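**Student:** Enclosed is the structure file entry-v9.pdb (PDB, C-alpha atoms).
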ATOM      1  CA  MET A   2     -28.938  -5.773  12.083
ATOM      2  CA  THR A   3     -27.013  -7.429   9.302
ATOM      3  CA  ASP A   4     -28.885  -5.564   6.579
ATOM      4  CA  ARG A   5     -26.386  -2.737   7.278
ATOM      5  CA  PRO A   6     -23.106  -4.604   7.815
ATOM      6  CA  ARG A   7     -20.486  -2.818   9.870
ATOM      7  CA  ILE A   8     -17.454  -1.791   7.799
ATOM      8  CA  ALA A   9     -14.885  -0.036   9.994
ATOM      9  CA  VAL A  10     -12.860   2.762   8.366
ATOM     10  CA  VAL A  11      -9.508   3.282  10.104
ATOM     11  CA  VAL A  12      -8.300   6.873  10.504
ATOM     12  CA  PHE A  13      -4.524   7.402  10.594
ATOM     13  CA  PRO A  14      -2.871  10.767  11.242
ATOM     14  CA  GLY A  15      -2.907  12.122   7.693
ATOM     15  CA  SER A  16      -5.788  10.057   6.283
ATOM     16  CA  ASN A  17      -7.911  12.364   4.149
ATOM     17  CA  ASP A  18     -10.255  10.019   2.309
ATOM     18  CA  ASP A  19     -11.662   8.424   5.447
ATOM     19  CA  ARG A  20     -14.870  10.467   5.375
ATOM     20  CA  ASP A  21     -15.382   9.972   1.647
ATOM     21  CA  ALA A  22     -14.966   6.219   2.169
ATOM     22  CA  ALA A  23     -17.406   6.196   5.101
ATOM     23  CA  LEU A  24     -19.926   8.320   3.180
ATOM     24  CA  ALA A  25     -19.700   6.077   0.102
ATOM     25  CA  LEU A  26     -20.089   2.917   2.212
ATOM     26  CA  ASP A  27     -23.019   4.460   4.091
ATOM     27  CA  ARG A  28     -24.765   5.301   0.807
ATOM     28  CA  LEU A  29     -24.128   1.768  -0.412
ATOM     29  CA  GLY A  30     -25.862   0.335   2.631
ATOM     30  CA  ALA A  31     -23.180  -0.189   5.263
ATOM     31  CA  ASP A  32     -22.739   1.126   8.785
ATOM     32  CA  ALA A  33     -19.273   2.676   8.500
ATOM     33  CA  PRO A  34     -17.839   3.883  11.824
ATOM     34  CA  LEU A  35     -14.499   5.715  11.848
ATOM     35  CA  VAL A  36     -11.900   4.005  14.055
ATOM     36  CA  TRP A  37      -8.913   5.932  15.406
ATOM     37  CA  HIS A  38      -5.479   4.403  14.766
ATOM     38  CA  THR A  39      -4.577   4.310  18.468
ATOM     39  CA  ASP A  40      -7.577   2.130  19.311
ATOM     40  CA  ASP A  41      -6.602  -1.403  20.305
ATOM     41  CA  ALA A  42      -9.561  -3.176  18.795
ATOM     42  CA  LEU A  43     -12.021  -2.939  15.929
ATOM     43  CA  PRO A  44     -15.634  -2.232  16.961
ATOM     44  CA  GLY A  45     -17.728  -5.279  17.894
ATOM     45  CA  GLY A  46     -19.538  -6.838  14.959
ATOM     46  CA  THR A  47     -17.075  -5.512  12.379
ATOM     47  CA  ALA A  48     -17.656  -7.428   9.135
ATOM     48  CA  ALA A  49     -15.022  -5.667   7.020
ATOM     49  CA  VAL A  50     -12.276  -3.065   7.402
ATOM     50  CA  VAL A  51     -11.229  -0.273   5.051
ATOM     51  CA  LEU A  52      -7.831   1.401   5.283
ATOM     52  CA  PRO A  53      -8.469   4.677   3.453
ATOM     53  CA  GLY A  54      -6.359   6.889   1.247
ATOM     54  CA  GLY A  55      -4.429  10.000   2.092
ATOM     55  CA  PHE A  56      -1.232   9.913   4.093
ATOM     56  CA  SER A  57      -0.090   8.392   7.372
ATOM     57  CA  TYR A  58       2.564   9.522   9.846
ATOM     58  CA  GLY A  59       4.010  11.822   7.186
ATOM     59  CA  ASP A  60       4.855   8.682   5.212
ATOM     60  CA  TYR A  61       8.416   9.120   6.402
ATOM     61  CA  LEU A  62      10.873   6.394   5.380
ATOM     62  CA  ARG A  63       8.427   4.700   2.967
ATOM     63  CA  CYS A  64       4.704   5.179   2.464
ATOM     64  CA  GLY A  65       2.852   3.118   5.060
ATOM     65  CA  ALA A  66       6.056   1.936   6.762
ATOM     66  CA  ILE A  67       5.248   3.537  10.104
ATOM     67  CA  ALA A  68       1.448   3.233  10.015
ATOM     68  CA  ARG A  69       1.732  -0.546   9.950
ATOM     69  CA  PHE A  70       2.881  -0.348  13.593
ATOM     70  CA  SER A  71      -0.229   1.574  14.718
ATOM     71  CA  PRO A  72      -1.975  -0.090  17.671
ATOM     72  CA  ILE A  73      -5.098  -0.795  15.580
ATOM     73  CA  MET A  74      -3.041  -2.668  12.971
ATOM     74  CA  ARG A  75      -2.493  -5.589  15.357
ATOM     75  CA  ASP A  76      -6.232  -6.183  15.434
ATOM     76  CA  VAL A  77      -6.561  -5.564  11.688
ATOM     77  CA  ALA A  78      -3.885  -8.233  11.075
ATOM     78  CA  ALA A  79      -5.646 -10.647  13.448
ATOM     79  CA  PHE A  80      -8.980  -9.889  11.750
ATOM     80  CA  ALA A  81      -7.406 -10.625   8.346
ATOM     81  CA  ALA A  82      -5.769 -13.812   9.656
ATOM     82  CA  ASP A  83      -9.248 -14.983  10.740
ATOM     83  CA  GLY A  84     -10.466 -14.470   7.188
ATOM     84  CA  GLY A  85     -11.969 -11.002   7.730
ATOM     85  CA  LEU A  86     -12.381  -8.764   4.682
ATOM     86  CA  VAL A  87      -9.848  -5.936   4.463
ATOM     87  CA  LEU A  88      -9.713  -3.322   1.691
ATOM     88  CA  GLY A  89      -6.794  -0.895   1.358
ATOM     89  CA  ILE A  90      -7.180   2.137  -0.890
ATOM     90  CA  CYS A  91      -4.064   4.051  -1.996
ATOM     91  CA  ASN A  92      -2.211   4.793   1.268
ATOM     92  CA  GLY A  93      -4.196   1.905   2.758
ATOM     93  CA  PHE A  94      -2.795  -0.334  -0.008
ATOM     94  CA  GLN A  95       0.723   0.902   0.819
ATOM     95  CA  ILE A  96       0.169   0.118   4.524
ATOM     96  CA  LEU A  97      -1.066  -3.412   3.711
ATOM     97  CA  THR A  98       2.000  -4.187   1.568
ATOM     98  CA  GLU A  99       4.323  -2.812   4.269
ATOM     99  CA  ALA A 100       2.479  -4.932   6.849
ATOM    100  CA  GLY A 101       3.026  -8.025   4.706
ATOM    101  CA  LEU A 102      -0.726  -8.548   4.304
ATOM    102  CA  LEU A 103      -0.472  -7.998   0.542
ATOM    103  CA  PRO A 104       2.284  -8.982  -1.890
ATOM    104  CA  GLY A 105       4.609  -6.536  -3.620
ATOM    105  CA  ALA A 106       5.683  -3.018  -2.728
ATOM    106  CA  LEU A 107       4.794   0.503  -3.841
ATOM    107  CA  ARG A 108       7.518   2.789  -5.157
ATOM    108  CA  PRO A 109       7.573   6.405  -6.353
ATOM    109  CA  ASN A 110       5.794   6.912  -9.685
ATOM    110  CA  ALA A 111       8.104   6.354 -12.644
ATOM    111  CA  SER A 112       7.408   9.953 -13.728
ATOM    112  CA  LEU A 113       8.260  11.272 -10.223
ATOM    113  CA  SER A 114       5.113  13.383 -10.651
ATOM    114  CA  PHE A 115       2.006  13.241  -8.526
ATOM    115  CA  VAL A 116      -0.856  12.060 -10.737
ATOM    116  CA  CYS A 117      -4.454  13.097 -10.167
ATOM    117  CA  ARG A 118      -6.924  12.092 -12.865
ATOM    118  CA  ASP A 119      -9.573   9.598 -13.918
ATOM    119  CA  VAL A 120      -7.946   6.385 -15.103
ATOM    120  CA  PRO A 121      -9.441   3.609 -17.249
ATOM    121  CA  LEU A 122      -9.126   0.203 -15.582
ATOM    122  CA  VAL A 123      -9.899  -3.363 -16.593
ATOM    123  CA  VAL A 124     -11.325  -5.951 -14.194
ATOM    124  CA  GLU A 125      -8.963  -8.926 -14.392
ATOM    125  CA  ASN A 126     -10.779 -11.084 -11.879
ATOM    126  CA  ALA A 127     -14.480 -10.597 -11.158
ATOM    127  CA  GLU A 128     -14.711 -13.739  -9.051
ATOM    128  CA  THR A 129     -13.643 -12.029  -5.853
ATOM    129  CA  ARG A 130     -15.631 -10.558  -3.002
ATOM    130  CA  PHE A 131     -14.277  -7.131  -3.966
ATOM    131  CA  THR A 132     -15.351  -7.254  -7.629
ATOM    132  CA  ALA A 133     -18.413  -9.530  -7.599
ATOM    133  CA  ARG A 134     -20.630  -6.777  -9.034
ATOM    134  CA  CYS A 135     -18.293  -6.560 -12.076
ATOM    135  CA  ARG A 136     -17.612  -8.997 -14.896
ATOM    136  CA  ASP A 137     -14.236 -10.222 -16.167
ATOM    137  CA  GLY A 138     -12.744  -7.767 -18.629
ATOM    138  CA  GLN A 139     -15.140  -4.986 -17.665
ATOM    139  CA  PRO A 140     -13.718  -1.494 -18.218
ATOM    140  CA  LEU A 141     -14.058   0.875 -15.258
ATOM    141  CA  THR A 142     -13.137   4.522 -14.827
ATOM    142  CA  VAL A 143     -11.901   5.436 -11.349
ATOM    143  CA  PRO A 144      -9.677   8.363 -10.305
ATOM    144  CA  VAL A 145      -6.150   8.021  -8.976
ATOM    145  CA  LYS A 146      -4.232  10.614  -6.941
ATOM    146  CA  HIS A 147      -0.845   9.485  -5.758
ATOM    147  CA  GLY A 148       2.905  10.025  -5.921
ATOM    148  CA  ASP A 149       3.932   6.506  -4.876
ATOM    149  CA  GLY A 150       1.737   4.119  -6.818
ATOM    150  CA  CYS A 151       4.311   2.171  -8.795
ATOM    151  CA  TRP A 152       3.539  -1.350  -7.615
ATOM    152  CA  PHE A 153       6.494  -3.713  -7.898
ATOM    153  CA  ALA A 154       6.913  -7.466  -7.764
ATOM    154  CA  ASP A 155       9.736  -9.461  -9.301
ATOM    155  CA  ALA A 156       8.986 -11.682 -12.313
ATOM    156  CA  ASP A 157       8.555 -14.841 -10.216
ATOM    157  CA  LEU A 158       6.124 -13.223  -7.799
ATOM    158  CA  LEU A 159       4.154 -11.538 -10.584
ATOM    159  CA  GLY A 160       3.854 -14.863 -12.423
ATOM    160  CA  GLU A 161       2.653 -16.577  -9.267
ATOM    161  CA  LEU A 162       0.054 -13.881  -8.573
ATOM    162  CA  GLU A 163      -1.199 -13.958 -12.166
ATOM    163  CA  GLY A 164      -1.463 -17.753 -12.034
ATOM    164  CA  ASN A 165      -3.471 -17.526  -8.804
ATOM    165  CA  GLY A 166      -5.859 -14.880 -10.113
ATOM    166  CA  GLN A 167      -4.585 -12.443  -7.477
ATOM    167  CA  ILE A 168      -4.153  -9.603  -9.968
ATOM    168  CA  VAL A 169      -7.650  -8.157  -9.687
ATOM    169  CA  LEU A 170      -7.398  -4.822 -11.527
ATOM    170  CA  ARG A 171      -5.075  -3.474 -14.206
ATOM    171  CA  TYR A 172      -4.771  -0.079 -15.833
ATOM    172  CA  ALA A 173      -6.113  -0.189 -19.385
ATOM    173  CA  GLU A 174      -3.479  -0.554 -22.094
ATOM    174  CA  GLY A 175      -1.445   2.637 -22.476
ATOM    175  CA  GLU A 176      -3.090   4.235 -19.427
ATOM    176  CA  ASN A 177      -0.713   3.202 -16.640
ATOM    177  CA  PRO A 178      -0.277   6.406 -14.559
ATOM    178  CA  ASN A 179       2.677   5.275 -12.429
ATOM    179  CA  GLY A 180       4.787   2.632 -14.210
ATOM    180  CA  SER A 181       3.599  -0.323 -12.124
ATOM    181  CA  ILE A 182       4.819  -3.767 -13.213
ATOM    182  CA  GLY A 183       2.311  -5.517 -15.460
ATOM    183  CA  ASP A 184       0.035  -2.418 -15.352
ATOM    184  CA  VAL A 185      -1.200  -3.726 -12.001
ATOM    185  CA  ALA A 186      -3.705  -1.419 -10.273
ATOM    186  CA  GLY A 187      -5.049  -3.768  -7.586
ATOM    187  CA  VAL A 188      -3.895  -7.019  -6.003
ATOM    188  CA  MET A 189      -5.355  -9.555  -3.587
ATOM    189  CA  ASN A 190      -3.756 -11.946  -1.066
ATOM    190  CA  ALA A 191      -3.672 -15.708  -1.615
ATOM    191  CA  ASP A 192      -6.549 -16.227   0.835
ATOM    192  CA  ARG A 193      -8.641 -13.763  -1.207
ATOM    193  CA  ASN A 194      -9.831 -11.733   1.779
ATOM    194  CA  VAL A 195      -7.417  -8.788   1.593
ATOM    195  CA  PHE A 196      -7.394  -6.465  -1.410
ATOM    196  CA  GLY A 197      -5.508  -3.261  -2.156
ATOM    197  CA  LEU A 198      -5.728  -0.826  -5.041
ATOM    198  CA  MET A 199      -4.278   2.555  -5.947
ATOM    199  CA  PRO A 200      -7.427   4.024  -7.598
ATOM    200  CA  HIS A 201     -10.051   5.581  -5.310
ATOM    201  CA  PRO A 202     -13.456   3.899  -5.667
ATOM    202  CA  GLU A 203     -14.850   6.154  -2.907
ATOM    203  CA  HIS A 204     -14.406   9.140  -5.241
ATOM    204  CA  ALA A 205     -16.438   7.469  -7.984
ATOM    205  CA  VAL A 206     -19.839   6.766  -6.444
ATOM    206  CA  ASP A 207     -21.810   9.844  -7.491
ATOM    207  CA  PRO A 208     -22.563  10.983 -11.058
ATOM    208  CA  LEU A 209     -21.958  14.645 -10.152
ATOM    209  CA  PRO A 210     -18.127  14.484 -10.222
ATOM    210  CA  GLY A 211     -18.083  11.854 -13.009
ATOM    211  CA  SER A 212     -17.906   8.078 -12.903
ATOM    212  CA  THR A 213     -19.928   5.870 -10.584
ATOM    213  CA  ASP A 214     -17.824   2.772 -11.286
ATOM    214  CA  GLY A 215     -16.304   2.896  -7.797
ATOM    215  CA  ALA A 216     -19.713   1.888  -6.446
ATOM    216  CA  LEU A 217     -19.318  -1.489  -8.203
ATOM    217  CA  LEU A 218     -16.186  -2.189  -6.146
ATOM    218  CA  LEU A 219     -17.399  -0.806  -2.811
ATOM    219  CA  GLY A 220     -20.868  -2.285  -3.407
ATOM    220  CA  SER A 221     -19.243  -5.700  -3.866
ATOM    221  CA  LEU A 222     -17.531  -5.225  -0.495
ATOM    222  CA  VAL A 223     -20.827  -4.250   1.166
ATOM    223  CA  ASP A 224     -22.506  -7.374  -0.303
ATOM    224  CA  ALA A 225     -19.666  -9.588   0.968
ATOM    225  CA  ALA A 226     -19.650  -7.907   4.388
ATOM    226  CA  ARG A 227     -23.408  -8.473   4.668
ATOM    227  CA  LEU A 228     -22.907 -12.192   4.003
ATOM    228  CA  SER A 229     -20.072 -12.495   6.482
ATOM    229  CA  ALA A 230     -22.039 -10.500   9.097
ATOM    230  CA  ALA A 231     -24.960 -12.904   8.632
ATOM    231  CA  ALA A 232     -22.597 -15.831   9.118
ATOM    232  CA  LEU A 233     -21.436 -14.303  12.436
ATOM    233  CA  VAL A 234     -24.961 -14.221  13.895
TER     234      VAL A 234
ATOM    235  CA  MET B  25      28.024   3.651  19.845
ATOM    236  CA  ARG B  26      27.286   5.307  16.572
ATOM    237  CA  ALA B  27      26.380   3.350  13.457
ATOM    238  CA  THR B  28      25.332   4.139   9.930
ATOM    239  CA  VAL B  29      22.868   2.188   7.862
ATOM    240  CA  LEU B  30      22.959   2.576   4.090
ATOM    241  CA  VAL B  31      19.755   1.631   2.283
ATOM    242  CA  ARG B  32      19.807   1.129  -1.470
ATOM    243  CA  PRO B  33      17.185   0.246  -4.063
ATOM    244  CA  LYS B  34      17.982  -3.302  -5.163
ATOM    245  CA  PRO B  35      19.466  -3.829  -8.620
ATOM    246  CA  GLY B  36      16.724  -4.031 -11.217
ATOM    247  CA  ILE B  37      14.315  -1.905  -9.190
ATOM    248  CA  LEU B  38      13.218   1.158 -11.127
ATOM    249  CA  ASP B  39      14.804   4.187  -9.434
ATOM    250  CA  PRO B  40      13.262   7.313 -10.959
ATOM    251  CA  GLN B  41      15.078   9.545  -8.445
ATOM    252  CA  GLY B  42      18.411   8.096  -9.547
ATOM    253  CA  GLN B  43      17.441   8.577 -13.199
ATOM    254  CA  ALA B  44      16.565  12.226 -12.581
ATOM    255  CA  VAL B  45      19.870  12.786 -10.769
ATOM    256  CA  GLU B  46      21.792  11.032 -13.544
ATOM    257  CA  SER B  47      20.164  13.168 -16.231
ATOM    258  CA  SER B  48      20.805  16.391 -14.253
ATOM    259  CA  LEU B  49      24.449  15.475 -13.771
ATOM    260  CA  ARG B  50      24.761  14.917 -17.527
ATOM    261  CA  HIS B  51      23.190  18.328 -18.170
ATOM    262  CA  LEU B  52      25.893  19.807 -15.951
ATOM    263  CA  GLY B  53      28.513  18.208 -18.173
ATOM    264  CA  PHE B  54      29.500  15.284 -15.946
ATOM    265  CA  GLU B  55      30.094  12.021 -17.754
ATOM    266  CA  VAL B  56      27.833   9.798 -15.692
ATOM    267  CA  ALA B  57      26.753   6.299 -16.725
ATOM    268  CA  ASP B  58      24.347   5.640 -13.877
ATOM    269  CA  ALA B  59      23.171   7.086 -10.564
ATOM    270  CA  ARG B  60      21.063   5.454  -7.862
ATOM    271  CA  VAL B  61      19.574   7.239  -4.876
ATOM    272  CA  GLY B  62      19.264   5.500  -1.529
ATOM    273  CA  ARG B  63      18.989   6.591   2.087
ATOM    274  CA  LEU B  64      21.386   6.960   5.000
ATOM    275  CA  VAL B  65      20.304   6.487   8.621
ATOM    276  CA  ASP B  66      22.665   7.423  11.464
ATOM    277  CA  VAL B  67      21.783   5.603  14.672
ATOM    278  CA  GLU B  68      23.188   6.259  18.138
ATOM    279  CA  LEU B  69      22.965   2.971  20.052
ATOM    280  CA  GLU B  70      23.068   2.519  23.824
ATOM    281  CA  THR B  71      25.320  -0.510  23.549
ATOM    282  CA  ASP B  72      29.079  -0.413  22.916
ATOM    283  CA  ASP B  73      29.209  -4.100  22.017
ATOM    284  CA  ARG B  74      29.752  -4.420  18.273
ATOM    285  CA  ASP B  75      28.095  -7.824  17.893
ATOM    286  CA  GLU B  76      25.087  -6.722  19.903
ATOM    287  CA  ALA B  77      24.914  -3.510  17.845
ATOM    288  CA  ARG B  78      25.014  -5.424  14.578
ATOM    289  CA  THR B  79      22.283  -7.809  15.739
ATOM    290  CA  GLN B  80      20.069  -4.902  16.759
ATOM    291  CA  LEU B  81      20.697  -3.008  13.525
ATOM    292  CA  GLU B  82      19.879  -6.048  11.419
ATOM    293  CA  ARG B  83      16.572  -6.375  13.257
ATOM    294  CA  MET B  84      15.888  -2.651  12.741
ATOM    295  CA  CYS B  85      16.567  -3.046   9.028
ATOM    296  CA  GLU B  86      14.295  -6.046   8.706
ATOM    297  CA  GLN B  87      11.425  -4.567  10.730
ATOM    298  CA  LEU B  88      11.428  -0.919   9.708
ATOM    299  CA  LEU B  89      14.418   0.668   8.008
ATOM    300  CA  THR B  90      14.137  -1.309   4.767
ATOM    301  CA  ASN B  91      11.551  -3.121   2.724
ATOM    302  CA  PRO B  92      13.491  -6.301   1.881
ATOM    303  CA  LEU B  93      11.529  -6.813  -1.324
ATOM    304  CA  ILE B  94      12.917  -3.653  -2.922
ATOM    305  CA  GLU B  95      15.851  -2.494  -0.800
ATOM    306  CA  SER B  96      19.198  -3.838   0.384
ATOM    307  CA  TYR B  97      21.160  -2.511   3.361
ATOM    308  CA  GLU B  98      24.683  -2.194   4.567
ATOM    309  CA  ILE B  99      25.624  -1.616   8.210
ATOM    310  CA  ASP B 100      28.684   0.489   9.010
ATOM    311  CA  LEU B 101      29.800   0.358  12.639
ATOM    312  CA  GLY B 102      32.748   2.645  11.979
ATOM    313  CA  GLY B 103      36.369   1.780  12.602
ATOM    314  CA  GLY B 104      36.179  -0.948   9.986
ATOM    315  CA  ALA B 105      33.244  -3.284  10.426
TER     316      ALA B 105
END
Now that the file is in, can you turn its structure into structure tokens?
**Tutor:**
Amino acid sequence: MTDRPRIAVVVFPGSNDDRDAALALDRLGADAPLVWHTDDALPGGTAAVVLPGGFSYGDYLRCGAIARFSPIMRDVAAFAADGGLVLGICNGFQILTEAGLLPGALRPNASLSFVCRDVPLVVENAETRFTARCRDGQPLTVPVKHGDGCWFADADLLGELEGNGQIVLRYAEGENPNGSIGDVAGVMNADRNVFGLMPHPEHAVDPLPGSTDGALLLGSLVDAARLSAAALV
Amino acid sequence: MRATVLVRPKPGILDPQGQAVESSLRHLGFEVADARVGRLVDVELETDDRDEARTQLERMCEQLLTNPLIESYEIDLGGGA
């Protein structure tokens, strides 16, 4: 059973990368059921959770501010508190920061323009369960598509996160698409089991549209989910 | 009773909307040094008790209406809070 670990993909009203995420995870060897946001509980045997990109509840007020109160989010928070692996992509990242599961906040892009393009990234920390298939300093190319991707933390918080190795991905020098502090593209919690990023690894798993570097990130998650599923048995 | 909550980006937080407004105002010939864009939320509360209203509004601000990391708020209960 655990050779295909179960990675639940939560679907919010407005999610539009849920199926791409599930398809990518399926191709990388996971069983990736879609879970509706009004469900009270994650499916039995869930080894990891993905909050996908897109939108949620119109993103009124602030991106992710309302989705964090979805019924399923109570179980996602409990799952994370138990050490469960949670990955938030784009809107999923915004939801995790609003829910207090990840540090910092996401603000409108400095340019006020929606950006949609491949972006060069650098792996800052490869010793995580989300980047284990990468090496420190490895350049990756993964697309972004967002209007509110300007991650913010004050200087004290940023320093603390850098010291803890919680800054996992940065945009390559001169390539920051949104004005985020410290060129941060992806950040992890202190317990190292929750990770959020603005780029979309699920759109970079097939050579046809371009890069396959996203498979390194999602593949790392599948590997880690397989280990944690084995530990559950 | 009716109350108004003003939400502002905290000082030091990049406010591209405010920058765009500031630059447009300058183009129109207004001598503007700075502009910041926030949000206004009018709330009609069931209670008429001002203390109770303020307590509830503070909880609303902390749980939903603001993100304390990047935004500050001001509660206006009308009639001089």
**Student:** Just give me the gap between atom CA of A:His201 and atom CA of A:Gly183 in Å, one decimal is fine.
**Tutor:**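 Atom-to-atom, atom CA of A:His201 to atom CA of A:Gly183, that is 19.5 Å.
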**Student:** With only C-alpha atoms as the counted atoms, please give the residues lying no more than 9 Å from stretch 75-77 of chain B, apart from itself and same-chain residues fewer than 4 positions off, as an MDAnalysis selection string.
**Tutor:** chainID B and resid 25 27 69:71 81:82 101
**Student:** Figure out the distance between atom CA of A:Ala100 and atom CA of B:Tyr97, please, to one decimal in Å.
**Tutor:**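 Here the two named atoms are 19.2 Å from each other.
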**Student:** Please, what distance in Å, to one decimal, runs between atom CA of B:Val29 and atom CA of B:Val65?
**Tutor:**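 According to the coordinates, atom CA of B:Val29 and atom CA of B:Val65 are separated by 5.1 Å.
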**Student:** Give one line per residue of stretch 24-57 of chain A that approaches stretch 88-99 of chain A to at most 7 Å, naming the two atoms of the closest pair and their distance in Å to one decimal, counting only C-alpha atoms; sort by chain then ascending residue number and deliver it as CSV.
**Tutor:**
residue,atom,partner,partner_atom,distance
A:Val50,CA,A:Leu88,CA,6.3
A:Val51,CA,A:Leu88,CA,4.8
A:Leu52,CA,A:Gly93,CA,4.5
A:Pro53,CA,A:Gly93,CA,5.1
A:Gly54,CA,A:Asn92,CA,4.6
A:Gly55,CA,A:Asn92,CA,5.7
A:Phe56,CA,A:Asn92,CA,5.9
**Student:** Could you list, as a PyMOL selection string, every residue matched by the PyMOL selection byres ((chain A and resi 8) around 12) in this structure?
**Tutor:** chain A and resi 3+5-7+9-11+19+22-27+29-36+43-53+85-88+219-220+222-227+229-230
**Student:** Could you work out which residues of chain B fall inside 12 Å of chain A? Count all atoms listed in the file, and format the result as a PyMOL selection string.
**Tutor:** chain B and resi 31+33-45+62-65+85-95
**Student:** Can you translate the PyMOL selection byres ((chain A and resi 207) around 12) into the concrete residues it hits in this file, as a list of chain:residue names?
**Tutor:** A:Asp21, A:Leu24, A:Ala25, A:Arg28, A:Leu29, A:Val143, A:Pro202, A:Glu203, A:His204, A:Ala205, A:Val206, A:Pro208, A:Leu209, A:Pro210, A:Gly211, A:Ser212, A:Thr213, A:Asp214, A:Gly215, A:Ala216, A:Leu217
